[in-house]
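Data block for data_37.json (JSON, C-alpha atoms (C1' of nucleotides)):
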[["chain", "number", "residue", "atom", "x", "y", "z"],
["A", 964, "MET", "CA", -28.79, 3.34, -22.21],
["A", 965, "ALA", "CA", -27.32, 1.11, -24.91],
["A", 966, "LEU", "CA", -30.59, -0.77, -25.29],
["A", 967, "LYS", "CA", -32.47, 2.50, -25.52],
["A", 968, "TYR", "CA", -30.03, 3.70, -28.15],
["A", 969, "ILE", "CA", -30.52, 0.58, -30.25],
["A", 970, "SER", "CA", -34.25, 0.64, -29.73],
["A", 971, "ASN", "CA", -34.47, 4.27, -30.84],
["A", 972, "SER", "CA", -32.50, 3.52, -33.99],
["A", 973, "GLY", "CA", -35.38, 1.53, -35.41],
["A", 974, "ASN", "CA", -33.63, -1.63, -34.35],
["A", 975, "LYS", "CA", -31.02, -1.46, -37.08],
["A", 976, "VAL", "CA", -27.73, -3.22, -36.42],
["A", 977, "ILE", "CA", -25.70, -0.89, -34.22],
["A", 978, "THR", "CA", -22.01, -1.11, -33.37],
["A", 979, "THR", "CA", -20.54, -0.86, -29.91],
["A", 980, "ARG", "CA", -18.31, 1.91, -31.25],
["A", 981, "GLU", "CA", -21.29, 4.01, -32.28],
["A", 982, "ILE", "CA", -22.93, 3.80, -28.86],
["A", 983, "SER", "CA", -19.63, 4.27, -27.09],
["A", 984, "ASP", "CA", -18.85, 7.42, -29.09],
["A", 985, "SER", "CA", -22.32, 8.83, -28.92],
["A", 986, "LYS", "CA", -22.88, 8.25, -25.20],
["A", 987, "ASN", "CA", -19.31, 8.66, -24.01],
["A", 988, "ILE", "CA", -19.09, 5.21, -22.49],
["A", 989, "PRO", "CA", -15.62, 3.61, -22.40],
["A", 990, "TYR", "CA", -15.48, 1.27, -25.39],
["A", 991, "ASP", "CA", -13.90, -1.71, -23.63],
["A", 992, "LEU", "CA", -16.38, -1.58, -20.81],
["A", 993, "LEU", "CA", -19.42, -1.24, -23.02],
["A", 994, "SER", "CA", -18.02, -3.99, -25.18],
["A", 995, "LYS", "CA", -18.04, -6.39, -22.24],
["A", 996, "ILE", "CA", -21.59, -5.45, -21.33],
["A", 997, "MET", "CA", -22.78, -5.93, -24.91],
["A", 998, "GLN", "CA", -21.18, -9.37, -24.95],
["A", 999, "THR", "CA", -22.91, -10.27, -21.71],
["A", 1000, "MET", "CA", -26.28, -9.15, -23.03],
["A", 1001, "LYS", "CA", -25.62, -11.14, -26.19],
["A", 1002, "ASN", "CA", -24.82, -14.27, -24.17],
["A", 1003, "GLU", "CA", -28.00, -13.82, -22.15],
["A", 1004, "ASN", "CA", -30.06, -13.51, -25.33],
["A", 1005, "ILE", "CA", -31.06, -9.92, -24.83],
["A", 1006, "LEU", "CA", -29.10, -8.91, -27.93],
["A", 1007, "SER", "CA", -28.38, -10.66, -31.22],
["A", 1008, "SER", "CA", -25.04, -10.04, -32.87],
["A", 1009, "ASN", "CA", -23.51, -10.08, -36.32],
["A", 1010, "GLN", "CA", -19.80, -10.48, -36.47],
["A", 1011, "GLY", "CA", -17.44, -9.13, -39.08],
["A", 1012, "SER", "CA", -17.26, -5.73, -40.67],
["A", 1013, "SER", "CA", -20.67, -4.11, -40.92],
["A", 1014, "GLY", "CA", -21.60, -6.29, -37.99],
["A", 1015, "GLY", "CA", -23.05, -5.10, -34.69],
["A", 1016, "TYR", "CA", -25.88, -5.72, -32.29],
["A", 1017, "SER", "CA", -29.65, -5.59, -32.40],
["A", 1018, "LEU", "CA", -32.38, -6.37, -29.88],
["A", 1019, "SER", "CA", -33.34, -10.03, -29.87],
["A", 1020, "LYS", "CA", -36.91, -9.17, -28.87],
["A", 1021, "ARG", "CA", -39.21, -6.19, -28.71],
["A", 1022, "PRO", "CA", -38.36, -3.83, -25.83],
["A", 1023, "ASP", "CA", -41.63, -4.64, -24.08],
["A", 1024, "GLU", "CA", -40.73, -8.31, -24.15],
["A", 1025, "ILE", "CA", -37.52, -7.82, -22.20],
["A", 1026, "PRO", "CA", -38.17, -7.54, -18.46],
["A", 1027, "LEU", "CA", -35.77, -5.33, -16.53],
["A", 1028, "TYR", "CA", -35.41, -8.33, -14.25],
["A", 1029, "ASN", "CA", -33.72, -10.28, -17.03],
["A", 1030, "LEU", "CA", -31.37, -7.46, -17.87],
["A", 1031, "ILE", "CA", -30.22, -7.07, -14.30],
["A", 1032, "SER", "CA", -29.94, -10.81, -13.80],
["A", 1033, "ALA", "CA", -27.80, -10.95, -16.92],
["A", 1034, "ILE", "CA", -25.45, -8.15, -16.00],
["A", 1035, "ASP", "CA", -25.34, -8.11, -12.22],
["A", 1036, "GLY", "CA", -26.51, -11.61, -11.42],
["A", 1037, "GLU", "CA", -29.57, -12.65, -9.44],
["A", 1038, "VAL", "CA", -31.76, -9.91, -8.00],
["A", 1039, "ASN", "CA", -31.73, -10.70, -4.29],
["A", 1040, "ILE", "CA", -32.47, -8.62, -1.23],
["A", 1041, "ALA", "CA", -30.30, -10.91, 0.89],
["A", 1042, "GLU", "CA", -27.31, -13.18, 0.38],
["A", 1043, "CYS", "CA", -29.16, -16.15, 1.85],
["A", 1044, "LEU", "CA", -31.75, -16.01, -0.94],
["A", 1045, "LYS", "CA", -29.22, -16.69, -3.69],
["A", 1046, "GLU", "CA", -29.53, -19.98, -5.47],
["A", 1047, "SER", "CA", -26.02, -20.88, -4.40],
["A", 1048, "PRO", "CA", -25.17, -18.68, -1.43],
["A", 1049, "VAL", "CA", -21.46, -17.89, -1.39],
["A", 1050, "LYS", "CA", -21.32, -18.28, 2.34],
["A", 1051, "ASP", "CA", -24.29, -19.92, 3.91],
["A", 1052, "CYS", "CA", -25.73, -18.23, 6.89],
["A", 1053, "SER", "CA", -25.48, -20.42, 9.97],
["A", 1054, "MET", "CA", -29.19, -20.09, 10.56],
["A", 1055, "THR", "CA", -30.64, -20.49, 7.12],
["A", 1056, "ASP", "CA", -32.67, -23.39, 8.41],
["A", 1057, "ASN", "CA", -34.06, -21.80, 11.52],
["A", 1058, "CYS", "CA", -34.10, -18.15, 10.53],
["A", 1059, "SER", "CA", -36.84, -16.45, 12.51],
["A", 1060, "ILE", "CA", -37.73, -13.98, 9.76],
["A", 1061, "LYS", "CA", -37.36, -16.20, 6.74],
["A", 1062, "SER", "CA", -40.91, -16.07, 5.51],
["A", 1063, "PRO", "CA", -41.45, -12.27, 5.60],
["A", 1064, "VAL", "CA", -38.05, -11.82, 3.97],
["A", 1065, "MET", "CA", -39.00, -14.20, 1.19],
["A", 1066, "LEU", "CA", -42.27, -12.36, 0.72],
["A", 1067, "LEU", "CA", -40.45, -9.07, 0.30],
["A", 1068, "GLN", "CA", -38.02, -10.73, -2.08],
["A", 1069, "LYS", "CA", -40.98, -11.83, -4.15],
["A", 1070, "GLU", "CA", -42.43, -8.33, -4.20],
["A", 1071, "VAL", "CA", -39.15, -6.81, -5.35],
["A", 1072, "GLU", "CA", -38.79, -9.50, -7.99],
["A", 1073, "ASP", "CA", -42.30, -8.83, -9.24],
["A", 1074, "LEU", "CA", -41.62, -5.12, -9.49],
["A", 1075, "PHE", "CA", -38.52, -5.76, -11.61],
["A", 1076, "LYS", "CA", -40.37, -8.30, -13.72],
["A", 1077, "ARG", "CA", -43.21, -5.90, -14.45],
["A", 1078, "LYS", "CA", -40.81, -3.24, -15.73],
["A", 1079, "THR", "CA", -39.51, -3.81, -19.24],
["A", 1080, "ILE", "CA", -36.99, -2.10, -21.45],
["A", 1081, "SER", "CA", -39.85, -0.21, -23.06],
["A", 1082, "ASP", "CA", -40.26, 1.66, -19.77],
["A", 1083, "PHE", "CA", -36.79, 3.08, -20.33],
["A", 1084, "VAL", "CA", -37.14, 4.07, -23.97],
["B", 1088, "MET", "CA", -34.10, -10.81, 14.00],
["B", 1089, "ALA", "CA", -32.94, -8.80, 16.98],
["B", 1090, "LEU", "CA", -35.84, -6.40, 16.65],
["B", 1091, "LYS", "CA", -38.23, -9.31, 16.40],
["B", 1092, "TYR", "CA", -36.70, -10.84, 19.49],
["B", 1093, "ILE", "CA", -37.12, -7.66, 21.50],
["B", 1094, "SER", "CA", -40.58, -7.11, 20.14],
["B", 1095, "ASN", "CA", -41.65, -10.62, 21.11],
["B", 1096, "SER", "CA", -40.34, -10.16, 24.62],
["B", 1097, "GLY", "CA", -43.10, -7.67, 25.38],
["B", 1098, "ASN", "CA", -40.63, -4.88, 24.82],
["B", 1099, "LYS", "CA", -38.77, -5.43, 28.05],
["B", 1100, "VAL", "CA", -35.17, -4.24, 28.17],
["B", 1101, "ILE", "CA", -33.12, -6.91, 26.45],
["B", 1102, "THR", "CA", -29.37, -7.33, 26.44],
["B", 1103, "THR", "CA", -27.21, -7.89, 23.40],
["B", 1104, "ARG", "CA", -25.83, -10.95, 25.14],
["B", 1105, "GLU", "CA", -29.26, -12.52, 25.46],
["B", 1106, "ILE", "CA", -30.05, -12.10, 21.77],
["B", 1107, "SER", "CA", -26.57, -13.16, 20.76],
["B", 1108, "ASP", "CA", -26.78, -16.35, 22.82],
["B", 1109, "SER", "CA", -30.32, -17.16, 21.86],
["B", 1110, "LYS", "CA", -29.92, -16.58, 18.13],
["B", 1111, "ASN", "CA", -26.29, -17.59, 17.74],
["B", 1112, "ILE", "CA", -25.18, -14.25, 16.39],
["B", 1113, "PRO", "CA", -21.55, -13.26, 17.11],
["B", 1114, "TYR", "CA", -21.70, -10.92, 20.10],
["B", 1115, "ASP", "CA", -19.31, -8.28, 18.79],
["B", 1116, "LEU", "CA", -21.08, -8.04, 15.48],
["B", 1117, "LEU", "CA", -24.55, -7.84, 16.97],
["B", 1118, "SER", "CA", -23.23, -5.31, 19.43],
["B", 1119, "LYS", "CA", -22.18, -2.99, 16.61],
["B", 1120, "ILE", "CA", -25.54, -3.36, 14.92],
["B", 1121, "MET", "CA", -27.41, -2.62, 18.15],
["B", 1122, "GLN", "CA", -25.31, 0.51, 18.61],
["B", 1123, "THR", "CA", -26.10, 1.62, 15.09],
["B", 1124, "MET", "CA", -29.83, 1.11, 15.59],
["B", 1125, "LYS", "CA", -29.56, 3.01, 18.86],
["B", 1126, "ASN", "CA", -27.83, 5.93, 17.13],
["B", 1127, "GLU", "CA", -30.50, 5.98, 14.46],
["B", 1128, "ASN", "CA", -33.25, 6.07, 17.08],
["B", 1129, "ILE", "CA", -34.70, 2.69, 16.30],
["B", 1130, "LEU", "CA", -33.67, 1.44, 19.72],
["B", 1131, "SER", "CA", -33.41, 3.09, 23.11],
["B", 1132, "SER", "CA", -30.68, 1.97, 25.47],
["B", 1133, "ASN", "CA", -29.97, 1.83, 29.17],
["B", 1134, "GLN", "CA", -26.35, 1.62, 30.15],
["B", 1135, "GLY", "CA", -24.88, -0.02, 33.19],
["B", 1136, "SER", "CA", -25.64, -3.37, 34.72],
["B", 1137, "SER", "CA", -29.23, -4.41, 34.18],
["B", 1138, "GLY", "CA", -29.13, -2.19, 31.14],
["B", 1139, "GLY", "CA", -30.02, -3.19, 27.60],
["B", 1140, "TYR", "CA", -32.08, -2.16, 24.64],
["B", 1141, "SER", "CA", -35.76, -1.66, 23.89],
["B", 1142, "LEU", "CA", -37.67, -0.49, 20.84],
["B", 1143, "SER", "CA", -37.98, 3.27, 20.70],
["B", 1144, "LYS", "CA", -41.33, 2.98, 18.90],
["B", 1145, "ARG", "CA", -44.01, 0.43, 18.17],
["B", 1146, "PRO", "CA", -42.93, -2.09, 15.52],
["B", 1147, "ASP", "CA", -45.54, -0.80, 13.09],
["B", 1148, "GLU", "CA", -44.10, 2.69, 13.45],
["B", 1149, "ILE", "CA", -40.65, 1.63, 12.25],
["B", 1150, "PRO", "CA", -40.50, 1.38, 8.45],
["B", 1151, "LEU", "CA", -38.13, -1.22, 7.07],
["B", 1152, "TYR", "CA", -36.78, 1.63, 4.99],
["B", 1153, "ASN", "CA", -35.45, 3.34, 8.12],
["B", 1154, "LEU", "CA", -33.85, 0.18, 9.41],
["B", 1155, "ILE", "CA", -32.00, -0.45, 6.19],
["B", 1156, "SER", "CA", -31.01, 3.18, 5.84],
["B", 1157, "ALA", "CA", -29.63, 3.03, 9.34],
["B", 1158, "ILE", "CA", -27.61, -0.13, 8.93],
["B", 1159, "ASP", "CA", -26.67, -0.27, 5.26],
["B", 1160, "GLY", "CA", -27.05, 3.36, 4.28],
["B", 1161, "GLU", "CA", -29.38, 4.85, 1.69],
["B", 1162, "VAL", "CA", -31.62, 2.49, -0.24],
["B", 1163, "ASN", "CA", -30.63, 3.19, -3.84],
["B", 1164, "ILE", "CA", -30.99, 1.21, -7.02],
["B", 1165, "ALA", "CA", -28.06, 3.09, -8.56],
["B", 1166, "GLU", "CA", -24.95, 4.87, -7.36],
["B", 1167, "CYS", "CA", -25.91, 8.06, -9.16],
["B", 1168, "LEU", "CA", -29.05, 8.38, -7.02],
["B", 1169, "LYS", "CA", -27.13, 8.70, -3.76],
["B", 1170, "GLU", "CA", -27.30, 12.03, -2.03],
["B", 1171, "SER", "CA", -23.53, 12.34, -2.30],
["B", 1172, "PRO", "CA", -22.41, 9.98, -5.04],
["B", 1173, "VAL", "CA", -18.94, 8.61, -4.26],
["B", 1174, "LYS", "CA", -17.93, 8.90, -7.87],
["B", 1175, "ASP", "CA", -20.19, 10.95, -10.00],
["B", 1176, "CYS", "CA", -21.18, 9.46, -13.27],
["B", 1177, "SER", "CA", -19.88, 11.51, -16.17],
["B", 1178, "MET", "CA", -23.36, 11.78, -17.59],
["B", 1179, "THR", "CA", -25.48, 12.48, -14.56],
["B", 1180, "ASP", "CA", -26.67, 15.65, -16.21],
["B", 1181, "ASN", "CA", -27.54, 14.24, -19.59],
["B", 1182, "CYS", "CA", -28.38, 10.66, -18.71],
["B", 1183, "SER", "CA", -30.84, 9.38, -21.25],
["B", 1184, "ILE", "CA", -32.73, 7.14, -18.83],
["B", 1185, "LYS", "CA", -32.68, 9.33, -15.77],
["B", 1186, "SER", "CA", -36.40, 9.79, -15.36],
["B", 1187, "PRO", "CA", -37.52, 6.14, -15.62],
["B", 1188, "VAL", "CA", -34.68, 5.17, -13.29],
["B", 1189, "MET", "CA", -35.83, 7.73, -10.76],
["B", 1190, "LEU", "CA", -39.37, 6.44, -11.06],
["B", 1191, "LEU", "CA", -38.26, 2.90, -10.30],
["B", 1192, "GLN", "CA", -36.17, 4.20, -7.42],
["B", 1193, "LYS", "CA", -39.31, 5.79, -6.02],
["B", 1194, "GLU", "CA", -41.28, 2.58, -6.37],
["B", 1195, "VAL", "CA", -38.63, 0.58, -4.55],
["B", 1196, "GLU", "CA", -38.44, 3.22, -1.84],
["B", 1197, "ASP", "CA", -42.20, 3.15, -1.42],
["B", 1198, "LEU", "CA", -42.20, -0.62, -1.09],
["B", 1199, "PHE", "CA", -39.60, -0.44, 1.66],
["B", 1200, "LYS", "CA", -41.44, 2.39, 3.36],
["B", 1201, "ARG", "CA", -44.74, 0.50, 3.40],
["B", 1202, "LYS", "CA", -43.13, -2.47, 5.14],
["B", 1203, "THR", "CA", -42.57, -2.08, 8.85],
["B", 1204, "ILE", "CA", -40.91, -4.12, 11.54],
["B", 1205, "SER", "CA", -44.34, -5.48, 12.43],
["B", 1206, "ASP", "CA", -44.30, -7.33, 9.11],
["B", 1207, "PHE", "CA", -41.31, -9.27, 10.42],
["B", 1208, "VAL", "CA", -42.64, -10.12, 13.86],
["C", 389, "DT", "C1'", -7.14, -12.06, -51.57],
["C", 390, "DT", "C1'", -6.24, -8.84, -48.38],
["C", 391, "DG", "C1'", -7.20, -5.52, -44.86],
["C", 392, "DA", "C1'", -10.08, -2.99, -42.00],
["C", 393, "DA", "C1'", -13.91, -3.22, -39.01],
["C", 394, "DT", "C1'", -16.21, -5.68, -36.06],
["C", 395, "DG", "C1'", -17.54, -9.03, -32.23],
["C", 396, "DT", "C1'", -15.39, -12.84, -28.63],
["C", 397, "DG", "C1'", -13.28, -14.10, -24.74],
["C", 398, "DG", "C1'", -9.71, -14.70, -21.19],
["C", 399, "DA", "C1'", -6.81, -12.71, -17.70],
["C", 400, "DC", "C1'", -5.82, -9.19, -14.89],
["C", 401, "DT", "C1'", -5.88, -5.01, -11.65],
["C", 402, "DA", "C1'", -7.12, -1.34, -8.67],
["C", 403, "DA", "C1'", -10.41, 0.39, -5.82],
["C", 404, "DC", "C1'", -13.94, -0.11, -2.74],
["C", 405, "DA", "C1'", -17.33, -2.05, 0.46],
["C", 406, "DT", "C1'", -18.46, -4.94, 4.20],
["C", 407, "DA", "C1'", -18.66, -8.40, 7.80],
["C", 408, "DG", "C1'", -16.45, -9.32, 11.51],
["C", 409, "DT", "C1'", -12.85, -8.74, 15.33],
["C", 410, "DC", "C1'", -10.34, -6.65, 19.17],
["C", 411, "DC", "C1'", -9.50, -3.55, 22.60],
["C", 412, "DT", "C1'", -10.47, 0.04, 25.77],
["C", 413, "DA", "C1'", -13.51, 3.20, 27.79],
["C", 414, "DT", "C1'", -17.85, 4.58, 30.37],
["C", 415, "DT", "C1'", -22.03, 3.82, 32.96],
["C", 416, "DT", "C1'", -24.84, 1.96, 36.64],
["C", 417, "DA", "C1'", -27.28, -1.34, 39.83],
["C", 418, "DG", "C1'", -26.60, -3.86, 43.85],
["D", 270, "DC", "C1'", -16.28, -1.99, 44.74],
["D", 271, "DT", "C1'", -17.41, -4.86, 41.15],
["D", 272, "DA", "C1'", -19.77, -7.15, 37.70],
["D", 273, "DA", "C1'", -22.56, -6.45, 33.78],
["D", 274, "DA", "C1'", -23.85, -3.56, 30.45],
["D", 275, "DT", "C1'", -23.46, -0.18, 26.51],
["D", 276, "DA", "C1'", -20.16, 2.92, 23.52],
["D", 277, "DG", "C1'", -17.00, 3.55, 20.22],
["D", 278, "DG", "C1'", -12.52, 3.64, 17.74],
["D", 279, "DA", "C1'", -9.26, 1.11, 14.93],
["D", 280, "DC", "C1'", -8.24, -2.53, 12.28],
["D", 281, "DT", "C1'", -8.34, -6.68, 9.00],
["D", 282, "DA", "C1'", -9.60, -10.11, 5.73],
["D", 283, "DT", "C1'", -12.44, -11.07, 2.11],
["D", 284, "DG", "C1'", -15.19, -10.51, -1.67],
["D", 285, "DT", "C1'", -17.05, -7.65, -5.49],
["D", 286, "DT", "C1'", -16.89, -4.88, -9.39],
["D", 287, "DA", "C1'", -15.72, -1.42, -12.80],
["D", 288, "DG", "C1'", -12.58, -1.03, -15.92],
["D", 289, "DT", "C1'", -8.41, -2.38, -18.83],
["D", 290, "DC", "C1'", -5.52, -5.01, -21.98],
["D", 291, "DC", "C1'", -4.45, -8.33, -25.23],
["D", 292, "DA", "C1'", -4.96, -11.94, -28.59],
["D", 293, "DC", "C1'", -8.19, -14.03, -31.62],
["D", 294, "DA", "C1'", -12.21, -14.99, -34.93],
["D", 295, "DT", "C1'", -15.40, -13.40, -38.37],
["D", 296, "DT", "C1'", -17.05, -10.93, -42.28],
["D", 297, "DC", "C1'", -17.47, -7.55, -45.90],
["D", 298, "DA", "C1'", -15.86, -5.01, -49.66],
["D", 299, "DA", "C1'", -12.46, -3.22, -52.61]]

Just dump the structure as structure tokens.
Amino acid sequence: MALKYISNSGNKVITTREISDSKNIPYDLLSKIMQTMKNENILSSNQGSSGGYSLSKRPDEIPLYNLISAIDGEVNIAECLKESPVKDCSMTDNCSIKSPVMLLQKEVEDLFKRKTISDFV
Amino acid sequence: MALKYISNSGNKVITTREISDSKNIPYDLLSKIMQTMKNENILSSNQGSSGGYSLSKRPDEIPLYNLISAIDGEVNIAECLKESPVKDCSMTDNCSIKSPVMLLQKEVEDLFKRKTISDFV
DNA sequence: TTGAATGTGGACTAACATAGTCCTATTTAG
DNA sequence: CTAAATAGGACTATGTTAGTCCACATTCAA
């Protein structure tokens, strides 16, 4: 919603406060999310008074996949598919359904990579 | 993996113990999962000695969607899309990205409905 | 030069979800 | 009868996440 808000403002520099007030999102929470998106290069920021955020790319150049990866971490349909599984499944190496699971993972990934922020604007 | 195991056994009646031993899945845990799948009509069961489980339908008649719904609950890309949201989002009614989110939800659902257990066998 | 407005970032908490365990029935074939 | 199954309730330990709070850094403009 924040990205849509910025996008619909003609990509001016927008403050967290403005979005927070306008969309009724708790300031501190939104603030954290904006920072995360900044760190993942989805947003650019200007500090100081009259500072704020703007999109770092055109909406159609930002895959939903990247946004979710940035905020929620890897998009995975199963723990064992994470790059660094927190707890490794005892049968990762001889899992009997590994290949169909990986195929589905790929299909989900592709779906989220095809969608971009422009689909939400 | 359990469904695949049963499916590959020519759909004989298979015990939880057999799958647990053969696939190194903790018995108590697998047992709970088998019960859940039974209650959701994915499996049929026979009690008593020489009892066990069998598929209630052909593998290609069991959508992955049903399996996941049964075990993990509704397949939702966002809390607000649940039938009974645990905590309702303050802006459910005037969410600015509701319709594209619902579209994506539908696409994910469709993907999981197209896949069936036979894709994992 | 100062102060207000802004982003930055670390630490913390409360609430919730989930895998996994344990124990006690109940059912049924032999 | 009894052994081998399923059935199911209660519980726990662990991890995850939304959300908060506080101190700091940066910049603009009066």

Original post:
Using only C-alpha atoms (C1' of nucleotides), can you list as a count of residues only the residues within 9 Å of (-34.4, -0.3, -8.7)?
Top reply: 15

Transformed chain B, reference chain A, in-order C-alpha pairing, as a compact mmCIF listing (two decimals) with C-alpha atoms, in the coordinates of the input:
# COMPACT_ATOMS: atom_id res chain seq x y z
CA MET B 1088 -28.78 3.34 -22.22
CA ALA B 1089 -27.33 1.11 -24.90
CA LEU B 1090 -30.59 -0.78 -25.27
CA LYS B 1091 -32.46 2.49 -25.50
CA TYR B 1092 -30.05 3.69 -28.15
CA ILE B 1093 -30.53 0.58 -30.26
CA SER B 1094 -34.25 0.63 -29.71
CA ASN B 1095 -34.49 4.25 -30.83
CA SER B 1096 -32.52 3.52 -33.97
CA GLY B 1097 -35.41 1.50 -35.37
CA ASN B 1098 -33.62 -1.65 -34.32
CA LYS B 1099 -31.02 -1.47 -37.05
CA VAL B 1100 -27.73 -3.24 -36.38
CA ILE B 1101 -25.71 -0.90 -34.20
CA THR B 1102 -22.04 -1.10 -33.35
CA THR B 1103 -20.55 -0.85 -29.89
CA ARG B 1104 -18.33 1.91 -31.23
CA GLU B 1105 -21.30 4.02 -32.28
CA ILE B 1106 -22.95 3.80 -28.86
CA SER B 1107 -19.66 4.30 -27.08
CA ASP B 1108 -18.88 7.44 -29.08
CA SER B 1109 -22.36 8.83 -28.92
CA LYS B 1110 -22.90 8.27 -25.20
CA ASN B 1111 -19.33 8.68 -24.00
CA ILE B 1112 -19.12 5.23 -22.49
CA PRO B 1113 -15.63 3.64 -22.41
CA TYR B 1114 -15.49 1.30 -25.40
CA ASP B 1115 -13.92 -1.67 -23.63
CA LEU B 1116 -16.39 -1.55 -20.81
CA LEU B 1117 -19.43 -1.21 -23.04
CA SER B 1118 -18.03 -3.97 -25.18
CA LYS B 1119 -18.03 -6.37 -22.24
CA ILE B 1120 -21.57 -5.43 -21.34
CA MET B 1121 -22.77 -5.91 -24.92
CA GLN B 1122 -21.16 -9.35 -24.95
CA THR B 1123 -22.89 -10.25 -21.72
CA MET B 1124 -26.28 -9.15 -23.03
CA LYS B 1125 -25.60 -11.13 -26.19
CA ASN B 1126 -24.80 -14.26 -24.17
CA GLU B 1127 -27.97 -13.82 -22.17
CA ASN B 1128 -30.04 -13.51 -25.33
CA ILE B 1129 -31.06 -9.92 -24.84
CA LEU B 1130 -29.10 -8.92 -27.92
CA SER B 1131 -28.37 -10.66 -31.19
CA SER B 1132 -25.03 -10.04 -32.86
CA ASN B 1133 -23.50 -10.09 -36.31
CA GLN B 1134 -19.77 -10.50 -36.45
CA GLY B 1135 -17.41 -9.18 -39.06
CA SER B 1136 -17.26 -5.78 -40.66
CA SER B 1137 -20.66 -4.15 -40.92
CA GLY B 1138 -21.60 -6.30 -37.97
CA GLY B 1139 -23.08 -5.10 -34.70
CA TYR B 1140 -25.89 -5.73 -32.29
CA SER B 1141 -29.67 -5.60 -32.39
CA LEU B 1142 -32.38 -6.39 -29.86
CA SER B 1143 -33.33 -10.04 -29.87
CA LYS B 1144 -36.90 -9.17 -28.85
CA ARG B 1145 -39.22 -6.20 -28.69
CA PRO B 1146 -38.36 -3.85 -25.82
CA ASP B 1147 -41.62 -4.64 -24.06
CA GLU B 1148 -40.73 -8.33 -24.15
CA ILE B 1149 -37.51 -7.83 -22.19
CA PRO B 1150 -38.17 -7.53 -18.45
CA LEU B 1151 -35.77 -5.33 -16.53
CA TYR B 1152 -35.40 -8.32 -14.26
CA ASN B 1153 -33.71 -10.28 -17.04
CA LEU B 1154 -31.37 -7.45 -17.89
CA ILE B 1155 -30.20 -7.07 -14.32
CA SER B 1156 -29.92 -10.81 -13.83
CA ALA B 1157 -27.79 -10.95 -16.93
CA ILE B 1158 -25.43 -8.16 -16.02
CA ASP B 1159 -25.32 -8.11 -12.23
CA GLY B 1160 -26.49 -11.61 -11.43
CA GLU B 1161 -29.55 -12.64 -9.45
CA VAL B 1162 -31.75 -9.91 -8.02
CA ASN B 1163 -31.72 -10.70 -4.31
CA ILE B 1164 -32.45 -8.62 -1.25
CA ALA B 1165 -30.28 -10.93 0.87
CA GLU B 1166 -27.32 -13.22 0.36
CA CYS B 1167 -29.16 -16.17 1.84
CA LEU B 1168 -31.76 -16.01 -0.95
CA LYS B 1169 -29.24 -16.71 -3.71
CA GLU B 1170 -29.56 -20.00 -5.49
CA SER B 1171 -26.05 -20.91 -4.39
CA PRO B 1172 -25.20 -18.72 -1.43
CA VAL B 1173 -21.46 -17.95 -1.39
CA LYS B 1174 -21.34 -18.33 2.35
CA ASP B 1175 -24.33 -19.94 3.88
CA CYS B 1176 -25.76 -18.25 6.88
CA SER B 1177 -25.49 -20.43 9.95
CA MET B 1178 -29.20 -20.10 10.56
CA THR B 1179 -30.68 -20.50 7.12
CA ASP B 1180 -32.71 -23.40 8.41
CA ASN B 1181 -34.07 -21.80 11.53
CA CYS B 1182 -34.09 -18.15 10.55
CA SER B 1183 -36.81 -16.44 12.50
CA ILE B 1184 -37.72 -13.96 9.76
CA LYS B 1185 -37.35 -16.19 6.75
CA SER B 1186 -40.91 -16.04 5.52
CA PRO B 1187 -41.45 -12.25 5.59
CA VAL B 1188 -38.04 -11.81 3.96
CA MET B 1189 -39.00 -14.19 1.20
CA LEU B 1190 -42.26 -12.33 0.72
CA LEU B 1191 -40.44 -9.04 0.29
CA GLN B 1192 -38.00 -10.72 -2.07
CA LYS B 1193 -40.97 -11.80 -4.16
CA GLU B 1194 -42.41 -8.30 -4.20
CA VAL B 1195 -39.13 -6.80 -5.35
CA GLU B 1196 -38.78 -9.49 -8.00
CA ASP B 1197 -42.29 -8.81 -9.24
CA LEU B 1198 -41.60 -5.10 -9.50
CA PHE B 1199 -38.52 -5.75 -11.60
CA LYS B 1200 -40.37 -8.28 -13.72
CA ARG B 1201 -43.22 -5.87 -14.46
CA LYS B 1202 -40.80 -3.24 -15.74
CA THR B 1203 -39.50 -3.79 -19.24
CA ILE B 1204 -36.97 -2.10 -21.46
CA SER B 1205 -39.85 -0.21 -23.06
CA ASP B 1206 -40.25 1.67 -19.79
CA PHE B 1207 -36.76 3.07 -20.36
CA VAL B 1208 -37.13 4.06 -23.99

**OP:** Find the residues near stretch 408-410 of chain C: any atom within 12 Å, counting all atoms listed in the file, skip ones fewer than 5 places away on the same chain, and give them as number ranges by chain.
**Re:** B: 1112-1120; D: 278-283

**OP:** Pick out the chain A residues within 7 Å of chain D. Count all atoms listed in the file. Give them as JSON, numbers by chain.
**Re:** {"A": [992, 1010, 1011, 1012, 1013]}

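From atom CA of B:Phe1207 back to atom CA of B:Ser1132, the distance works out to 21.6 Å.
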
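Atom pair atom CA of B:Asn1126 / atom CA of B:Ser1143 has a distance of 11.1 Å (rounded to one decimal).
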
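Take the candidates A:Lys1001, A:Arg980, A:Lys1076, A:Lys1020 and check each one against chain B using only C-alpha atoms; the shortest distance goes to A:Lys1076.
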
Original post:
How many Å lie between atom CA of A:Glu1003 and atom CA of A:Leu1030, rounded to one decimal?
Top reply: 8.4 Å

Quick one: which chain C residues come within 6 Å of chain B, and what is the nearest atom pair for each with the distance in Å to one decimal, counting all atoms listed in the file, rows ordered by chain and ascending number, as a tab-separated table?
residue	atom	partner	partner_atom	distance
C:DT415	C1'	B:Gly1135	CA	4.8
C:DT416	C1'	B:Gly1135	CA	4.0
C:DA417	C1'	B:Ser1136	CA	5.7

Write out the residues from the selection above, keeping C-alpha atoms (C1' of nucleotides), as an mmCIF file, in the coordinates of the input.
data_model
loop_
_atom_site.group_PDB
_atom_site.id
_atom_site.type_symbol
_atom_site.label_atom_id
_atom_site.label_comp_id
_atom_site.auth_asym_id
_atom_site.auth_seq_id
_atom_site.Cartn_x
_atom_site.Cartn_y
_atom_site.Cartn_z
ATOM 1 C "C1'" DT C 415 -22.030 3.820 32.960
ATOM 2 C "C1'" DT C 416 -24.840 1.960 36.640
ATOM 3 C "C1'" DA C 417 -27.280 -1.340 39.830
#
